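Undergrad: This one is coords_5.pdb, PDB, C-alpha atoms.
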```
ATOM      1  CA  MET A  17     112.544-284.545  -6.145
ATOM      2  CA  THR A  18     110.579-281.621  -4.814
ATOM      3  CA  GLU A  19     112.192-278.441  -3.518
ATOM      4  CA  GLU A  20     111.187-279.379   0.028
ATOM      5  CA  SER A  21     112.965-282.729  -0.215
ATOM      6  CA  ARG A  22     115.886-281.442  -2.218
ATOM      7  CA  PRO A  23     119.201-282.153  -0.445
ATOM      8  CA  THR A  24     120.581-279.217   1.483
ATOM      9  CA  VAL A  25     124.056-277.896   0.798
ATOM     10  CA  ARG A  26     125.153-279.153   4.224
ATOM     11  CA  GLY A  27     123.836-282.619   3.402
ATOM     12  CA  ARG A  28     125.716-282.691   0.109
ATOM     13  CA  ARG A  29     128.893-281.428   1.785
ATOM     14  CA  LEU A  30     128.674-284.192   4.382
ATOM     15  CA  GLY A  31     128.005-286.804   1.721
ATOM     16  CA  ALA A  32     130.876-285.593  -0.445
ATOM     17  CA  GLU A  33     133.259-285.724   2.524
ATOM     18  CA  LEU A  34     132.144-289.242   3.435
ATOM     19  CA  ARG A  35     132.697-290.334  -0.150
ATOM     20  CA  ARG A  36     136.169-288.758  -0.136
ATOM     21  CA  LEU A  37     137.058-290.496   3.128
ATOM     22  CA  ARG A  38     135.777-293.825   1.845
ATOM     23  CA  GLU A  39     137.759-293.603  -1.356
ATOM     24  CA  SER A  40     140.957-292.443   0.369
ATOM     25  CA  SER A  41     140.720-295.438   2.715
ATOM     26  CA  ASN A  42     140.279-297.764  -0.283
ATOM     27  CA  ARG A  43     136.856-298.898   0.901
ATOM     28  CA  THR A  44     133.976-299.707  -1.426
ATOM     29  CA  THR A  45     130.300-298.895  -1.073
ATOM     30  CA  GLU A  46     129.877-302.617  -0.383
ATOM     31  CA  ASP A  47     132.282-302.340   2.578
ATOM     32  CA  ALA A  48     130.350-299.362   3.941
ATOM     33  CA  ALA A  49     127.013-301.100   3.444
ATOM     34  CA  GLY A  50     128.306-304.161   5.297
ATOM     35  CA  ALA A  51     129.435-302.042   8.246
ATOM     36  CA  LEU A  52     126.007-300.365   8.513
ATOM     37  CA  LYS A  53     124.067-303.525   7.582
ATOM     38  CA  CYS A  54     122.238-301.671   4.843
ATOM     39  CA  SER A  55     122.106-301.632   1.058
ATOM     40  CA  ARG A  56     124.745-300.141  -1.240
ATOM     41  CA  ALA A  57     121.983-297.906  -2.587
ATOM     42  CA  LYS A  58     121.578-296.320   0.841
ATOM     43  CA  ILE A  59     125.316-295.579   1.002
ATOM     44  CA  SER A  60     125.072-293.911  -2.389
ATOM     45  CA  ARG A  61     122.112-291.829  -1.207
ATOM     46  CA  ILE A  62     124.016-290.768   1.909
ATOM     47  CA  GLU A  63     126.979-289.736  -0.241
ATOM     48  CA  THR A  64     124.790-287.597  -2.495
ATOM     49  CA  GLY A  65     123.039-285.989   0.463
ATOM     50  CA  ALA A  66     119.677-287.466  -0.501
ATOM     51  CA  VAL A  67     119.255-288.983   2.982
ATOM     52  CA  GLY A  68     120.754-288.123   6.338
ATOM     53  CA  ILE A  69     122.814-290.340   8.605
ATOM     54  CA  ARG A  70     122.425-291.146  12.287
ATOM     55  CA  ARG A  71     125.240-290.216  14.640
ATOM     56  CA  LEU A  72     125.844-293.891  15.500
ATOM     57  CA  ASP A  73     126.110-294.852  11.832
ATOM     58  CA  LEU A  74     128.389-291.906  11.145
ATOM     59  CA  GLY A  75     130.722-293.084  13.916
ATOM     60  CA  ILE A  76     130.792-296.591  12.430
ATOM     61  CA  LEU A  77     131.754-295.230   9.001
ATOM     62  CA  LEU A  78     134.425-292.940  10.424
ATOM     63  CA  ASP A  79     135.920-295.922  12.293
ATOM     64  CA  LEU A  80     135.841-297.947   9.080
ATOM     65  CA  TYR A  81     137.566-295.146   7.185
ATOM     66  CA  GLY A  82     140.249-294.720   9.827
ATOM     67  CA  VAL A  83     139.236-291.214  10.932
ATOM     68  CA  SER A  84     140.515-290.933  14.514
ATOM     69  CA  GLU A  85     141.334-287.239  14.881
ATOM     70  CA  ALA A  86     138.811-285.752  17.330
ATOM     71  CA  ARG A  87     138.440-282.377  15.601
ATOM     72  CA  SER A  88     137.640-284.001  12.248
ATOM     73  CA  ARG A  89     135.059-286.299  13.809
ATOM     74  CA  ASP A  90     133.453-283.445  15.756
ATOM     75  CA  ALA A  91     133.212-281.302  12.614
ATOM     76  CA  LEU A  92     131.498-284.097  10.672
ATOM     77  CA  GLU A  93     129.107-284.819  13.538
ATOM     78  CA  GLU A  94     128.148-281.151  13.651
ATOM     79  CA  LEU A  95     127.583-281.148   9.900
ATOM     80  CA  ALA A  96     125.408-284.257  10.232
ATOM     81  CA  ARG A  97     123.293-282.606  12.943
ATOM     82  CA  ASP A  98     122.760-279.568  10.752
ATOM     83  CA  SER A  99     122.377-281.392   7.442
ATOM     84  CA  LYS A 100     118.600-280.953   7.331
ATOM     85  CA  ARG A 101     118.573-277.436   8.753
ATOM     86  CA  ARG A 102     117.597-274.815   6.214
ATOM     87  CA  GLY A 103     118.724-271.218   6.278
ATOM     88  CA  TRP A 104     116.955-267.877   6.617
ATOM     89  CA  TRP A 105     116.622-267.553   2.842
ATOM     90  CA  HIS A 106     114.013-270.332   2.713
ATOM     91  CA  ASP A 107     111.546-267.842   4.165
ATOM     92  CA  TYR A 108     111.553-266.230   0.715
ATOM     93  CA  GLY A 109     110.102-269.355  -0.897
ATOM     94  CA  ASP A 110     110.426-269.573  -4.669
ATOM     95  CA  THR A 111     111.918-266.084  -4.934
ATOM     96  CA  ILE A 112     115.299-267.789  -4.658
ATOM     97  CA  PRO A 113     116.246-270.292  -7.377
ATOM     98  CA  SER A 114     117.728-273.549  -6.087
ATOM     99  CA  ALA A 115     121.231-272.707  -7.354
ATOM    100  CA  TYR A 116     121.170-269.380  -5.495
ATOM    101  CA  ALA A 117     119.969-271.170  -2.358
ATOM    102  CA  ASP A 118     123.005-273.437  -2.694
ATOM    103  CA  PHE A 119     125.225-270.364  -2.886
ATOM    104  CA  LEU A 120     123.649-268.814   0.223
ATOM    105  CA  GLY A 121     124.093-272.087   2.093
ATOM    106  CA  LEU A 122     127.794-272.209   1.254
ATOM    107  CA  GLU A 123     128.247-268.533   2.098
ATOM    108  CA  GLY A 124     126.448-268.809   5.420
ATOM    109  CA  ASP A 125     128.505-271.787   6.600
ATOM    110  CA  ALA A 126     131.906-270.653   5.333
ATOM    111  CA  ARG A 127     134.719-269.573   7.614
ATOM    112  CA  TYR A 128     136.731-268.319   4.654
ATOM    113  CA  ILE A 129     135.303-266.659   1.547
ATOM    114  CA  ARG A 130     137.632-265.674  -1.282
ATOM    115  CA  THR A 131     136.387-264.186  -4.498
ATOM    116  CA  TRP A 132     137.665-262.833  -7.807
ATOM    117  CA  GLN A 133     135.360-260.334  -9.537
ATOM    118  CA  PRO A 134     136.530-258.776 -12.812
ATOM    119  CA  VAL A 135     133.308-257.034 -13.925
ATOM    120  CA  VAL A 136     131.111-256.090 -10.949
ATOM    121  CA  LEU A 137     131.798-255.651  -7.260
ATOM    122  CA  PRO A 138     131.219-258.617  -4.921
ATOM    123  CA  GLY A 139     127.684-258.923  -3.593
ATOM    124  CA  LEU A 140     128.847-258.776   0.034
ATOM    125  CA  LEU A 141     130.384-255.352  -0.648
ATOM    126  CA  GLN A 142     127.523-253.786  -2.581
ATOM    127  CA  THR A 143     125.398-250.893  -1.374
ATOM    128  CA  GLU A 144     121.641-251.183  -1.724
ATOM    129  CA  GLN A 145     121.587-248.633  -4.576
ATOM    130  CA  TYR A 146     124.368-250.402  -6.472
ATOM    131  CA  ALA A 147     122.679-253.797  -6.061
ATOM    132  CA  ARG A 148     119.363-252.424  -7.256
ATOM    133  CA  ALA A 149     120.960-250.794 -10.308
ATOM    134  CA  LEU A 150     122.592-254.094 -11.265
ATOM    135  CA  LEU A 151     119.352-256.032 -10.949
ATOM    136  CA  GLU A 152     117.403-253.418 -12.899
ATOM    137  CA  ALA A 153     119.982-253.385 -15.697
ATOM    138  CA  ASN A 154     118.767-256.667 -17.196
ATOM    139  CA  PRO A 155     114.972-257.073 -17.022
ATOM    140  CA  ALA A 156     115.253-260.162 -19.226
ATOM    141  CA  ALA A 157     117.158-261.950 -16.428
ATOM    142  CA  VAL A 158     115.314-260.518 -13.398
ATOM    143  CA  ARG A 159     111.602-259.825 -13.391
ATOM    144  CA  PRO A 160     110.869-256.307 -12.059
ATOM    145  CA  GLU A 161     108.443-257.568  -9.411
ATOM    146  CA  ARG A 162     111.205-259.643  -7.791
ATOM    147  CA  ILE A 163     113.822-256.910  -7.542
ATOM    148  CA  ASP A 164     112.802-255.594  -4.111
ATOM    149  CA  GLN A 165     113.073-259.017  -2.513
ATOM    150  CA  LEU A 166     116.361-259.811  -4.243
ATOM    151  CA  VAL A 167     117.851-256.523  -3.052
ATOM    152  CA  LYS A 168     116.685-257.300   0.487
ATOM    153  CA  ILE A 169     118.276-260.749   0.300
ATOM    154  CA  ARG A 170     121.547-259.283  -0.909
ATOM    155  CA  MET A 171     121.599-256.855   2.004
ATOM    156  CA  GLU A 172     120.822-259.622   4.519
ATOM    157  CA  ARG A 173     123.749-261.621   3.177
ATOM    158  CA  LYS A 174     126.146-259.027   4.608
ATOM    159  CA  GLU A 175     125.512-260.419   8.064
ATOM    160  CA  VAL A 176     128.235-263.026   7.426
ATOM    161  CA  LEU A 177     130.833-260.230   7.633
ATOM    162  CA  VAL A 178     129.749-258.824  11.003
ATOM    163  CA  LYS A 179     128.166-261.702  12.928
ATOM    164  CA  PRO A 180     130.014-263.353  15.840
ATOM    165  CA  GLU A 181     132.821-265.487  14.402
ATOM    166  CA  ALA A 182     132.357-263.695  11.106
ATOM    167  CA  ALA A 183     133.746-265.210   7.928
ATOM    168  CA  ARG A 184     137.211-264.152   6.775
ATOM    169  CA  PHE A 185     136.531-262.403   3.465
ATOM    170  CA  TRP A 186     139.162-261.726   0.799
ATOM    171  CA  ALA A 187     138.090-260.035  -2.426
ATOM    172  CA  ILE A 188     140.230-259.361  -5.464
ATOM    173  CA  ILE A 189     138.643-256.932  -7.919
ATOM    174  CA  TRP A 190     139.723-255.898 -11.402
ATOM    175  CA  GLU A 191     140.014-252.145 -11.945
ATOM    176  CA  PRO A 192     137.155-251.966 -14.522
ATOM    177  CA  ALA A 193     134.711-253.045 -11.799
ATOM    178  CA  LEU A 194     135.665-249.920  -9.847
ATOM    179  CA  ARG A 195     135.379-247.565 -12.784
ATOM    180  CA  CYS A 196     132.048-248.770 -14.186
ATOM    181  CA  PRO A 197     129.405-246.162 -13.147
ATOM    182  CA  VAL A 198     126.707-248.680 -12.199
ATOM    183  CA  GLY A 199     123.570-246.686 -11.409
ATOM    184  CA  GLY A 200     125.223-243.390 -12.338
ATOM    185  CA  LYS A 201     127.979-241.274 -10.819
ATOM    186  CA  GLU A 202     126.244-240.625  -7.497
ATOM    187  CA  VAL A 203     125.685-244.335  -6.879
ATOM    188  CA  GLN A 204     129.252-245.067  -7.970
ATOM    189  CA  ARG A 205     130.718-242.546  -5.538
ATOM    190  CA  ALA A 206     128.651-243.880  -2.638
ATOM    191  CA  GLN A 207     129.689-247.408  -3.533
ATOM    192  CA  LEU A 208     133.395-246.521  -3.601
ATOM    193  CA  ASP A 209     133.037-244.800  -0.229
ATOM    194  CA  HIS A 210     131.420-247.956   1.111
ATOM    195  CA  LEU A 211     134.334-250.100  -0.094
ATOM    196  CA  GLY A 212     136.727-248.002   1.945
ATOM    197  CA  LYS A 213     134.600-248.420   5.073
ATOM    198  CA  VAL A 214     134.137-252.190   4.704
ATOM    199  CA  ALA A 215     137.873-252.634   4.155
ATOM    200  CA  GLU A 216     138.387-251.361   7.725
ATOM    201  CA  LEU A 217     136.786-254.514   9.129
ATOM    202  CA  PRO A 218     139.498-256.775  10.578
ATOM    203  CA  ASN A 219     138.157-259.825   8.750
ATOM    204  CA  VAL A 220     138.038-258.169   5.308
ATOM    205  CA  THR A 221     140.902-257.920   2.815
ATOM    206  CA  LEU A 222     140.416-256.021  -0.431
ATOM    207  CA  GLN A 223     142.838-255.952  -3.349
ATOM    208  CA  VAL A 224     142.609-254.411  -6.813
ATOM    209  CA  VAL A 225     144.251-255.723  -9.970
ATOM    210  CA  PRO A 226     145.153-252.697 -12.108
ATOM    211  CA  LEU A 227     144.487-252.642 -15.830
ATOM    212  CA  GLU A 228     148.195-252.426 -16.561
ATOM    213  CA  VAL A 229     148.599-256.041 -15.470
ATOM    214  CA  GLY A 230     146.985-256.976 -18.780
ATOM    215  CA  ALA A 231     145.711-260.420 -19.708
ATOM    216  CA  THR A 232     146.341-261.889 -16.248
ATOM    217  CA  ALA A 233     142.989-260.615 -15.050
ATOM    218  CA  GLY A 234     140.874-260.753 -18.182
ATOM    219  CA  ALA A 235     141.659-264.414 -18.840
ATOM    220  CA  CYS A 236     139.694-265.657 -15.810
ATOM    221  CA  GLY A 237     135.969-265.372 -15.113
ATOM    222  CA  ALA A 238     134.464-264.581 -11.725
ATOM    223  CA  PHE A 239     134.410-267.208  -8.995
ATOM    224  CA  VAL A 240     133.845-267.565  -5.255
ATOM    225  CA  MET A 241     135.749-270.033  -3.059
ATOM    226  CA  PHE A 242     134.453-271.234   0.301
ATOM    227  CA  GLY A 243     136.484-272.787   3.110
ATOM    228  CA  PHE A 244     134.699-274.511   5.980
ATOM    229  CA  SER A 245     137.499-275.379   8.399
ATOM    230  CA  ASP A 246     140.201-273.488  10.284
ATOM    231  CA  SER A 247     142.272-273.680   7.105
ATOM    232  CA  PRO A 248     141.406-271.466   4.107
ATOM    233  CA  THR A 249     141.753-274.517   1.844
ATOM    234  CA  PRO A 250     138.675-274.353  -0.418
ATOM    235  CA  GLY A 251     135.891-276.844   0.152
ATOM    236  CA  ALA A 252     133.738-275.595  -2.731
ATOM    237  CA  VAL A 253     133.954-273.174  -5.643
ATOM    238  CA  PHE A 254     130.852-271.436  -6.953
ATOM    239  CA  LEU A 255     130.576-270.366 -10.584
ATOM    240  CA  GLU A 256     127.805-268.402 -12.263
ATOM    241  CA  THR A 257     126.953-267.753 -15.901
ATOM    242  CA  LEU A 258     124.112-265.842 -17.523
ATOM    243  CA  THR A 259     121.879-268.914 -17.610
ATOM    244  CA  SER A 260     123.164-271.248 -14.899
ATOM    245  CA  SER A 261     125.045-271.568 -11.636
ATOM    246  CA  HIS A 262     126.878-274.500 -10.122
ATOM    247  CA  TYR A 263     129.578-275.381  -7.648
ATOM    248  CA  LEU A 264     132.706-277.527  -7.857
ATOM    249  CA  GLU A 265     133.923-279.894  -5.148
ATOM    250  CA  GLN A 266     136.463-282.212  -6.784
ATOM    251  CA  GLU A 267     139.903-281.875  -5.212
ATOM    252  CA  ALA A 268     141.718-281.219  -8.488
ATOM    253  CA  GLU A 269     139.251-278.458  -9.404
ATOM    254  CA  LEU A 270     139.527-276.847  -5.978
ATOM    255  CA  ASP A 271     143.325-276.934  -6.119
ATOM    256  CA  GLY A 272     143.236-275.313  -9.544
ATOM    257  CA  TYR A 273     141.094-272.409  -8.408
ATOM    258  CA  GLY A 274     143.220-272.005  -5.298
ATOM    259  CA  LEU A 275     146.293-271.576  -7.499
ATOM    260  CA  VAL A 276     144.482-269.080  -9.741
ATOM    261  CA  PHE A 277     143.494-267.025  -6.710
ATOM    262  CA  GLU A 278     147.086-266.950  -5.465
ATOM    263  CA  TYR A 279     148.275-265.862  -8.901
ATOM    264  CA  LEU A 280     145.722-263.035  -8.959
ATOM    265  CA  ARG A 281     146.633-262.040  -5.407
ATOM    266  CA  SER A 282     150.285-261.748  -6.424
ATOM    267  CA  ALA A 283     149.372-259.636  -9.463
ATOM    268  CA  ALA A 284     147.140-257.295  -7.440
ATOM    269  CA  LEU A 285     148.091-254.171  -5.562
ATOM    270  CA  ASN A 286     148.554-254.725  -1.855
ATOM    271  CA  PRO A 287     145.608-253.727   0.383
ATOM    272  CA  ALA A 288     146.967-250.244   1.175
ATOM    273  CA  GLN A 289     147.726-249.507  -2.477
ATOM    274  CA  SER A 290     144.300-250.852  -3.422
ATOM    275  CA  LEU A 291     142.575-248.410  -1.074
ATOM    276  CA  ASP A 292     144.635-245.620  -2.604
ATOM    277  CA  MET A 293     143.396-246.606  -6.062
ATOM    278  CA  ILE A 294     139.794-246.733  -4.857
ATOM    279  CA  ALA A 295     140.184-243.237  -3.422
ATOM    280  CA  ALA A 296     141.719-242.000  -6.679
ATOM    281  CA  VAL A 297     138.858-243.440  -8.740
ATOM    282  CA  ARG A 298     136.390-241.906  -6.266
ATOM    283  CA  ALA A 299     138.001-238.477  -6.641
ATOM    284  CA  LYS A 300     137.493-238.526 -10.413
ATOM    285  CA  ALA A 301     133.999-240.086 -10.418
TER
END
```
Let me see the file written as structure tokens.

TA:
Amino acid sequence: MTEESRPTVRGRRLGAELRRLRESSNRTTEDAAGALKCSRAKISRIETGAVGIRRLDLGILLDLYGVSEARSRDALEELARDSKRRGWWHDYGDTIPSAYADFLGLEGDARYIRTWQPVVLPGLLQTEQYARALLEANPAAVRPERIDQLVKIRMERKEVLVKPEAARFWAIIWEPALRCPVGGKEVQRAQLDHLGKVAELPNVTLQVVPLEVGATAGACGAFVMFGFSDSPTPGAVFLETLTSSHYLEQEAELDGYGLVFEYLRSAALNPAQSLDMIAAVRAKA
């Protein structure tokens, strides 16, 4: 499948939700195919996001699955309308790997974004100088000629925090991420100042887990959770390693990461104490 025909994140989210609804209603792909008068293969392709679904067919499936609540149906119809729409990042062409495009799609659609970052500061909170220093730190992972565009993309991502109906963003950061002088002391000081300013936004919550907490923080790698409804319940979790990126959508996995986030939140300093720590680190930087 070519990049142009590759399923969008919205299409996969819609397909995954239709699969969940089908399974929870104890319906088979054969039942769904019978209702739409199509093949089981087409139902499978809809559920993987490989093909879209007409509004009429979506209504038939939602009736079959017993979905009667108006808000749920409206949300799925909106997702179906937008399932083939591609975001601003597609203007950058092949600068953005497909996994990163998936991440940007999730981030752009999310109403709630919650992240745990033990090593570096969250991308949505980075200054341009900090972001550039990170990208330049590993030329084996990022080719030098792509750095300018990647920095620009990272800065454009911040729009999700200030746009109308901005996402609710909650970041928990381990203390070492504050103290690491990425880009040197001057860049570090400017970055810490920026954290204090962003934390003033009404939709942003920032907490720090101090080193004294011990293994609680170090035992868990970075992750980002996205919620797409009025509830912060995660609808996807994004994970990234040195060589790959992927997202999770199974209910058990999402519940597990939700519990981990709550555990980290309880171990962290409260937002006011966290800002005090950031200021203290800034004073000594």

Undergrad: Quote the spacing between atom CA of Leu80 of chain A and atom CA of Arg97 of chain A in Å to one decimal place.

TA: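 So the two atoms, atom CA of Leu80 of chain A and atom CA of Arg97 of chain A, lie 20.2 Å apart.
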
Undergrad: At a cut-off of 12 Å around the point (129.9, -262.5, 10.6) (file coordinates), what residues fall inside when counting all atoms listed in the file? I'd like the answer as a list of chain:residue names.

TA: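 Protein and nucleic acid residues near the point are A:Glu123, A:Gly124, A:Asp125, A:Ala126, A:Arg127, A:Tyr128, A:Ile129, A:Leu140, A:Glu172, A:Arg173, A:Lys174, A:Glu175, A:Val176, A:Leu177, A:Val178, A:Lys179, A:Pro180, A:Glu181, A:Ala182, A:Ala183, A:Arg184, A:Phe185, A:Leu217, A:Pro218, A:Asn219, A:Val220.
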
Undergrad: With the file shown as input, list the residues that the PyMOL selection byres ((chain A and resi 41-53) around 8) selects, as an NGL selection string.

TA: :A and (37-40 or 54-56 or 58-60 or 73 or 76-77 or 80-82)

Undergrad: Produce a table with one row for each residue of segment 105-155 of chain A that has an atom at most 12 Å from any atom of segment 248-263 of chain A, each row naming the nearest atom pair and its distance in Å at one decimal; use only C-alpha atoms; arrange rows by chain and rising residue number; format as JSON lines.

TA:
```
{"residue": "A:Pro113", "atom": "CA", "partner": "A:Ser261", "partner_atom": "CA", "distance": 9.9}
{"residue": "A:Ser114", "atom": "CA", "partner": "A:Ser261", "partner_atom": "CA", "distance": 9.4}
{"residue": "A:Ala115", "atom": "CA", "partner": "A:Ser261", "partner_atom": "CA", "distance": 5.8}
{"residue": "A:Tyr116", "atom": "CA", "partner": "A:Ser261", "partner_atom": "CA", "distance": 7.6}
{"residue": "A:Ala117", "atom": "CA", "partner": "A:Ser261", "partner_atom": "CA", "distance": 10.6}
{"residue": "A:Asp118", "atom": "CA", "partner": "A:His262", "partner_atom": "CA", "distance": 8.4}
{"residue": "A:Phe119", "atom": "CA", "partner": "A:Phe254", "partner_atom": "CA", "distance": 7.0}
{"residue": "A:Leu120", "atom": "CA", "partner": "A:Phe254", "partner_atom": "CA", "distance": 10.5}
{"residue": "A:Gly121", "atom": "CA", "partner": "A:Phe254", "partner_atom": "CA", "distance": 11.3}
{"residue": "A:Leu122", "atom": "CA", "partner": "A:Ala252", "partner_atom": "CA", "distance": 7.9}
{"residue": "A:Glu123", "atom": "CA", "partner": "A:Phe254", "partner_atom": "CA", "distance": 9.9}
{"residue": "A:Asp125", "atom": "CA", "partner": "A:Gly251", "partner_atom": "CA", "distance": 11.0}
{"residue": "A:Ala126", "atom": "CA", "partner": "A:Gly251", "partner_atom": "CA", "distance": 9.0}
{"residue": "A:Arg127", "atom": "CA", "partner": "A:Pro248", "partner_atom": "CA", "distance": 7.8}
{"residue": "A:Tyr128", "atom": "CA", "partner": "A:Pro248", "partner_atom": "CA", "distance": 5.7}
{"residue": "A:Ile129", "atom": "CA", "partner": "A:Pro248", "partner_atom": "CA", "distance": 8.2}
{"residue": "A:Arg130", "atom": "CA", "partner": "A:Pro248", "partner_atom": "CA", "distance": 8.8}
{"residue": "A:Thr131", "atom": "CA", "partner": "A:Val253", "partner_atom": "CA", "distance": 9.4}
{"residue": "A:Trp132", "atom": "CA", "partner": "A:Leu255", "partner_atom": "CA", "distance": 10.7}
{"residue": "A:Gln133", "atom": "CA", "partner": "A:Leu255", "partner_atom": "CA", "distance": 11.2}
{"residue": "A:Asn154", "atom": "CA", "partner": "A:Leu258", "partner_atom": "CA", "distance": 10.6}
```

Undergrad: With the file shown as input, list the residues that the PyMOL selection byres ((chain A and resi 196-202) around 8) selects, as a ChimeraX atom specification.

TA: /A:145-146,149-150,192-195,203-206,301

Undergrad: Work out how far apart atom CA of Leu34 of chain A and atom CA of Ser247 of chain A are and give it in Å to one decimal.

TA: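 Going from atom CA of Leu34 of chain A over to atom CA of Ser247 of chain A covers 18.9 Å.
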
Undergrad: Atom CA of Ala147 of chain A and atom CA of Asp209 of chain A are how many Å apart?

TA: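 Pair atom CA of Ala147 of chain A / atom CA of Asp209 of chain A returns 14.9 Å.
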
Undergrad: Run the PyMOL selection byres ((chain A and resi 30) around 10) on the file and write out the hits as a ChimeraX atom specification.

TA: /A:24-29,31-36,62-65,68-69,91-96,98-99

Undergrad: Place all heavy atoms on segment 47-53 of chain A and deliver the coordinates as a tab-separated table (two decimals), in the frame of the given file.

TA:
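Wrote result-v2.tsv, looks like this:
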```
chain	number	residue	atom	x	y	z
A	47	ASP	N	131.69	-302.31	1.23
A	47	ASP	CA	132.28	-302.34	2.58
A	47	ASP	C	131.47	-301.49	3.54
A	47	ASP	O	131.18	-301.90	4.68
A	47	ASP	CB	133.72	-301.82	2.54
A	47	ASP	CG	134.66	-302.71	1.74
A	47	ASP	OD1	134.42	-303.92	1.68
A	47	ASP	OD2	135.63	-302.16	1.17
A	48	ALA	N	131.11	-300.28	3.09
A	48	ALA	CA	130.35	-299.36	3.94
A	48	ALA	C	128.97	-299.93	4.25
A	48	ALA	O	128.49	-299.84	5.39
A	48	ALA	CB	130.23	-298.01	3.26
A	49	ALA	N	128.33	-300.52	3.24
A	49	ALA	CA	127.01	-301.10	3.44
A	49	ALA	C	127.08	-302.26	4.44
A	49	ALA	O	126.19	-302.42	5.28
A	49	ALA	CB	126.44	-301.57	2.11
A	50	GLY	N	128.14	-303.06	4.36
A	50	GLY	CA	128.31	-304.16	5.30
A	50	GLY	C	128.46	-303.68	6.72
A	50	GLY	O	127.91	-304.26	7.67
A	51	ALA	N	129.22	-302.58	6.91
A	51	ALA	CA	129.44	-302.04	8.25
A	51	ALA	C	128.13	-301.52	8.85
A	51	ALA	O	127.90	-301.66	10.06
A	51	ALA	CB	130.47	-300.93	8.20
A	52	LEU	N	127.27	-300.92	8.02
A	52	LEU	CA	126.01	-300.36	8.51
A	52	LEU	C	124.85	-301.35	8.41
A	52	LEU	O	123.74	-301.04	8.84
A	52	LEU	CB	125.65	-299.08	7.74
A	52	LEU	CG	126.57	-297.88	7.89
A	52	LEU	CD1	125.95	-296.66	7.23
A	52	LEU	CD2	126.88	-297.60	9.34
A	53	LYS	N	125.12	-302.52	7.79
A	53	LYS	CA	124.07	-303.52	7.58
A	53	LYS	C	122.89	-302.92	6.81
A	53	LYS	O	121.72	-303.01	7.20
A	53	LYS	CB	123.60	-304.12	8.90
A	53	LYS	CG	124.68	-304.88	9.65
A	53	LYS	CD	124.16	-305.46	10.96
A	53	LYS	CE	125.19	-306.37	11.61
A	53	LYS	NZ	126.50	-305.71	11.85
```
